[in-house]
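Enquirer: I am attaching a structure below and will ask some questions about it afterwards.
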Amino acid sequence: IVILRSGHRFLSFPLVLSDRLRLEVRENATLLASTDRAQWPLRSEPMYGTMYQHFLSGRQLSAVSFTGGGSIDGQASYDRQSWWFNCTDSHGGGEPHCGDHHRPFLIHIFESSGVVLSNLTLRNAPMYHVVLDHSKHVSIEQVSILAPAESPNTDGVDVHSTEWVHMRNCTVCNGDDAVAVATYDPG
């Protein structure tokens, strides 16, 4: 169990999650993604090629939860050094990468099961807020996802080849798809 206490702000670079992790971001607490892009590692993704490491990510996880009443903030903005500067969504003109590589997701879950996101606010993701890839049995309840309407391709929840996803009492106000469901074969 990792508990981020109320009334505090916690700054972090990308974190790789472990199996059976329970992350509690308590009410009035915020987990902030670092804005120093130069310090974010690069990784290879089957669908996107080389991209920045996702802020919170895990592969082959079970029984993982994100909860607590607080916020997870990607801190993306239009500032010159931030993720949205000089960027358009991937369907418009301009550079969808906003630089040399794809922007990271706020939360990326791959080949996992028994994942719970509840009672949280997710905001200002560098790219997508939550991506569920090739996973199953995911519950998303009482989650608010917020980014400015003009933010570039900041999808709320992307469900890629994932089954048994339950969403309830969620609010999604962002710069692109609220919820997108798709299948794909990374091979």
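Labels for the structure tokens follow display order: chains A, B, ..., residues from 1 in each chain, ligands from 1.
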For stretch 126-132 of chain A, work out the shell of residues within 9 Å, counting only C-alpha atoms and skipping chain neighbours fewer than 2 positions away, then give it as a VMD selection string.

Expert: chain A and resid 74 to 77 82 to 84 102 to 112 122 to 124 134 to 136 138 145 to 146 151 to 162

Enquirer: I need the residues from that last selection saved to file as a tab-separated table (two decimals), in the first residue's frame (with N, CA and C atoms), if you can.

Expert:
```tsv
chain	number	residue	atom	x	y	z
A	74	GLY	N	-1.03	15.23	-14.60
A	74	GLY	CA	0.06	15.12	-15.55
A	74	GLY	C	0.78	16.44	-15.80
A	75	GLN	N	0.21	17.54	-15.33
A	75	GLN	CA	0.78	18.89	-15.43
A	75	GLN	C	1.09	19.33	-16.85
A	76	ALA	N	0.46	18.70	-17.85
A	76	ALA	CA	0.67	19.15	-19.23
A	76	ALA	C	0.01	20.51	-19.40
A	77	SER	N	0.64	21.35	-20.22
A	77	SER	CA	0.12	22.68	-20.49
A	77	SER	C	0.66	23.13	-21.85
A	82	SER	N	6.40	22.34	-22.14
A	82	SER	CA	5.46	21.32	-21.72
A	82	SER	C	4.95	20.48	-22.89
A	83	TRP	N	4.18	19.47	-22.58
A	83	TRP	CA	3.77	18.45	-23.54
A	83	TRP	C	2.84	18.96	-24.64
A	84	TRP	N	2.02	19.97	-24.40
A	84	TRP	CA	1.05	20.39	-25.41
A	84	TRP	C	1.57	21.51	-26.30
A	102	HIS	N	6.19	10.25	-29.36
A	102	HIS	CA	4.83	10.35	-28.82
A	102	HIS	C	4.86	10.74	-27.35
A	103	ARG	N	3.88	11.52	-26.98
A	103	ARG	CA	3.73	11.91	-25.57
A	103	ARG	C	3.30	10.70	-24.74
A	104	PRO	N	3.60	10.69	-23.46
A	104	PRO	CA	3.22	9.57	-22.61
A	104	PRO	C	1.76	9.64	-22.17
A	105	PHE	N	1.23	8.50	-21.76
A	105	PHE	CA	-0.09	8.42	-21.16
A	105	PHE	C	0.04	8.68	-19.66
A	106	LEU	N	-1.02	9.12	-19.04
A	106	LEU	CA	-1.00	9.32	-17.60
A	106	LEU	C	-0.97	7.96	-16.89
A	107	ILE	N	-1.88	7.05	-17.28
A	107	ILE	CA	-1.93	5.70	-16.72
A	107	ILE	C	-2.03	4.71	-17.87
A	108	HIS	N	-1.14	3.72	-17.90
A	108	HIS	CA	-1.17	2.68	-18.93
A	108	HIS	C	-1.12	1.31	-18.25
A	109	ILE	N	-2.15	0.49	-18.49
A	109	ILE	CA	-2.24	-0.85	-17.92
A	109	ILE	C	-2.23	-1.84	-19.07
A	110	PHE	N	-1.30	-2.80	-19.06
A	110	PHE	CA	-1.12	-3.74	-20.17
A	110	PHE	C	-1.16	-5.17	-19.65
A	111	GLU	N	-1.94	-6.02	-20.33
A	111	GLU	CA	-2.03	-7.45	-20.01
A	111	GLU	C	-2.24	-7.69	-18.52
A	112	SER	N	-3.21	-7.02	-17.95
A	112	SER	CA	-3.45	-7.09	-16.51
A	112	SER	C	-4.91	-7.43	-16.22
A	122	LEU	N	-8.32	12.72	-12.37
A	122	LEU	CA	-7.15	12.66	-13.25
A	122	LEU	C	-7.21	13.91	-14.12
A	123	ARG	N	-6.08	14.62	-14.24
A	123	ARG	CA	-6.14	15.86	-15.01
A	123	ARG	C	-4.86	16.08	-15.81
A	124	ASN	N	-5.04	16.80	-16.91
A	124	ASN	CA	-3.96	17.32	-17.74
A	124	ASN	C	-2.90	16.30	-18.11
A	134	HIS	N	-5.14	-4.87	-23.72
A	134	HIS	CA	-5.12	-6.31	-23.60
A	134	HIS	C	-5.27	-6.77	-22.14
A	135	SER	N	-6.23	-6.21	-21.48
A	135	SER	CA	-6.47	-6.51	-20.07
A	135	SER	C	-7.90	-7.01	-19.88
A	136	LYS	N	-8.26	-7.35	-18.64
A	136	LYS	CA	-9.63	-7.78	-18.35
A	136	LYS	C	-9.98	-7.50	-16.91
A	138	VAL	N	-11.69	-4.77	-15.34
A	138	VAL	CA	-11.27	-3.44	-14.90
A	138	VAL	C	-12.51	-2.67	-14.44
A	145	ILE	N	-12.16	12.98	-15.09
A	145	ILE	CA	-11.02	13.18	-15.98
A	145	ILE	C	-11.19	14.55	-16.60
A	146	LEU	N	-10.19	15.43	-16.37
A	146	LEU	CA	-10.32	16.83	-16.76
A	146	LEU	C	-9.10	17.33	-17.52
A	151	SER	N	-7.23	20.93	-25.52
A	151	SER	CA	-5.99	20.17	-25.31
A	151	SER	C	-5.86	19.09	-26.38
A	152	PRO	N	-4.64	18.83	-26.86
A	152	PRO	CA	-4.45	17.97	-28.03
A	152	PRO	C	-4.51	16.47	-27.72
A	153	ASN	N	-5.57	15.82	-28.20
A	153	ASN	CA	-5.71	14.37	-28.15
A	153	ASN	C	-5.52	13.82	-26.74
A	154	THR	N	-6.20	14.41	-25.79
A	154	THR	CA	-6.11	13.98	-24.39
A	154	THR	C	-7.30	13.09	-24.04
A	155	ASP	N	-7.42	11.96	-24.75
A	155	ASP	CA	-8.53	11.03	-24.51
A	155	ASP	C	-8.71	10.75	-23.03
A	156	GLY	N	-9.95	10.48	-22.66
A	156	GLY	CA	-10.25	10.14	-21.27
A	156	GLY	C	-9.84	8.72	-20.95
A	157	VAL	N	-10.57	7.74	-21.50
A	157	VAL	CA	-10.27	6.32	-21.29
A	157	VAL	C	-10.24	5.65	-22.65
A	158	ASP	N	-9.11	5.01	-22.97
A	158	ASP	CA	-8.99	4.23	-24.20
A	158	ASP	C	-8.94	2.76	-23.82
A	159	VAL	N	-9.88	2.01	-24.36
A	159	VAL	CA	-9.99	0.58	-24.07
A	159	VAL	C	-9.53	-0.15	-25.33
A	160	HIS	N	-8.33	-0.73	-25.29
A	160	HIS	CA	-7.75	-1.42	-26.44
A	160	HIS	C	-7.74	-2.92	-26.16
A	161	SER	N	-8.51	-3.66	-26.93
A	161	SER	CA	-8.52	-5.13	-26.81
A	161	SER	C	-8.63	-5.58	-25.36
A	162	THR	N	-9.51	-4.94	-24.63
A	162	THR	CA	-9.72	-5.24	-23.21
A	162	THR	C	-11.17	-5.64	-23.00
```

Enquirer: Among stretch 40-171 of chain A, which ones does DSSP assign to strand (DSSP E) (computed from the backbone)? Answer as a PyMOL selection string.

Expert: chain A and resi 42-45+49-52+56-59+62-67+71-73+107-110+113-123+130-133+136-146+157-160+163-168+171

Enquirer: Between A:Ala147, A:Ala182, A:Leu56, A:Leu21, which has the minimum distance to A:Val2 (counting only C-alpha atoms)?

Expert: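 Looking only at the distances to A:Val2, the closest residue turns out to be A:Leu21.
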
Enquirer: Mind checking which residues fall within 8 Å of A:Asn119, counting only C-alpha atoms, ignoring those fewer than 4 positions away in the same chain, and posting them as a PDB file with all heavy atoms, in the first residue's frame?

Expert:
```
ATOM      1  N   THR A  67      -6.978   4.742  -5.744  1.00  0.00           N
ATOM      2  CA  THR A  67      -8.154   5.247  -5.051  1.00  0.00           C
ATOM      3  C   THR A  67      -7.757   6.362  -4.087  1.00  0.00           C
ATOM      4  O   THR A  67      -6.610   6.776  -4.054  1.00  0.00           O
ATOM      5  CB  THR A  67      -8.872   4.090  -4.310  1.00  0.00           C
ATOM      6  OG1 THR A  67     -10.108   4.560  -3.829  1.00  0.00           O
ATOM      7  CG2 THR A  67      -8.027   3.521  -3.203  1.00  0.00           C
ATOM      8  N   GLY A  68      -8.716   6.868  -3.307  1.00  0.00           N
ATOM      9  CA  GLY A  68      -8.374   7.740  -2.199  1.00  0.00           C
ATOM     10  C   GLY A  68      -9.007   9.108  -2.160  1.00  0.00           C
ATOM     11  O   GLY A  68      -8.901   9.800  -1.171  1.00  0.00           O
ATOM     12  N   GLY A  69      -9.634   9.586  -3.241  1.00  0.00           N
ATOM     13  CA  GLY A  69     -10.288  10.890  -3.203  1.00  0.00           C
ATOM     14  C   GLY A  69      -9.440  12.056  -3.658  1.00  0.00           C
ATOM     15  O   GLY A  69      -9.923  13.177  -3.734  1.00  0.00           O
ATOM     16  N   GLY A  70      -8.165  11.835  -3.976  1.00  0.00           N
ATOM     17  CA  GLY A  70      -7.273  12.917  -4.406  1.00  0.00           C
ATOM     18  C   GLY A  70      -7.140  13.011  -5.912  1.00  0.00           C
ATOM     19  O   GLY A  70      -8.029  12.577  -6.650  1.00  0.00           O
ATOM     20  N   GLU A 141     -14.748   3.728 -11.316  1.00  0.00           N
ATOM     21  CA  GLU A 141     -15.925   4.293 -10.671  1.00  0.00           C
ATOM     22  C   GLU A 141     -15.592   5.598  -9.981  1.00  0.00           C
ATOM     23  O   GLU A 141     -14.532   5.735  -9.365  1.00  0.00           O
ATOM     24  CB  GLU A 141     -16.490   3.313  -9.633  1.00  0.00           C
ATOM     25  CG  GLU A 141     -17.025   2.042 -10.259  1.00  0.00           C
ATOM     26  CD  GLU A 141     -17.834   1.215  -9.284  1.00  0.00           C
ATOM     27  OE1 GLU A 141     -18.544   1.794  -8.449  1.00  0.00           O
ATOM     28  OE2 GLU A 141     -17.749  -0.018  -9.366  1.00  0.00           O
ATOM     29  N   GLN A 142     -16.493   6.545 -10.099  1.00  0.00           N
ATOM     30  CA  GLN A 142     -16.361   7.863  -9.472  1.00  0.00           C
ATOM     31  C   GLN A 142     -15.001   8.496  -9.792  1.00  0.00           C
ATOM     32  O   GLN A 142     -14.309   8.993  -8.906  1.00  0.00           O
ATOM     33  CB  GLN A 142     -16.569   7.765  -7.964  1.00  0.00           C
ATOM     34  CG  GLN A 142     -17.968   7.340  -7.599  1.00  0.00           C
ATOM     35  CD  GLN A 142     -18.172   7.212  -6.114  1.00  0.00           C
ATOM     36  OE1 GLN A 142     -17.305   6.741  -5.392  1.00  0.00           O
ATOM     37  NE2 GLN A 142     -19.328   7.669  -5.661  1.00  0.00           N
ATOM     38  N   VAL A 143     -14.670   8.477 -11.069  1.00  0.00           N
ATOM     39  CA  VAL A 143     -13.429   9.083 -11.543  1.00  0.00           C
ATOM     40  C   VAL A 143     -13.783  10.288 -12.405  1.00  0.00           C
ATOM     41  O   VAL A 143     -14.652  10.196 -13.278  1.00  0.00           O
ATOM     42  CB  VAL A 143     -12.565   8.075 -12.333  1.00  0.00           C
ATOM     43  CG1 VAL A 143     -11.377   8.747 -12.989  1.00  0.00           C
ATOM     44  CG2 VAL A 143     -12.109   6.943 -11.421  1.00  0.00           C
TER      45      VAL A 143
END
```

Enquirer: What does the structure give for the distance between atom CA of A:Leu120 and atom CA of A:Gly7, in Å to one decimal?

Expert: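 Rounded to one decimal, the two atoms are 14.9 Å apart.
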
Enquirer: Rank A:Glu163, A:Asp133, A:Asp100, A:Asp177 by their smallest atom-to-atom distance to A:Met51, using only C-alpha atoms, and report the top residue only.

Expert: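 Looking at the shortest contact to A:Met51, the residue is A:Asp100.
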
Enquirer: Taking only C-alpha atoms into account, which of A:Tyr48, A:Phe66, A:Phe85, A:Phe10 comes nearest A:Thr30?

Expert: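 That would be A:Phe10, the residue with the smallest distance to A:Thr30.
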
Enquirer: With distances taken over only C-alpha atoms, which of A:His101, A:His166, A:Arg22, A:Arg80 is nearest to A:Ser44?

Expert: A:His101
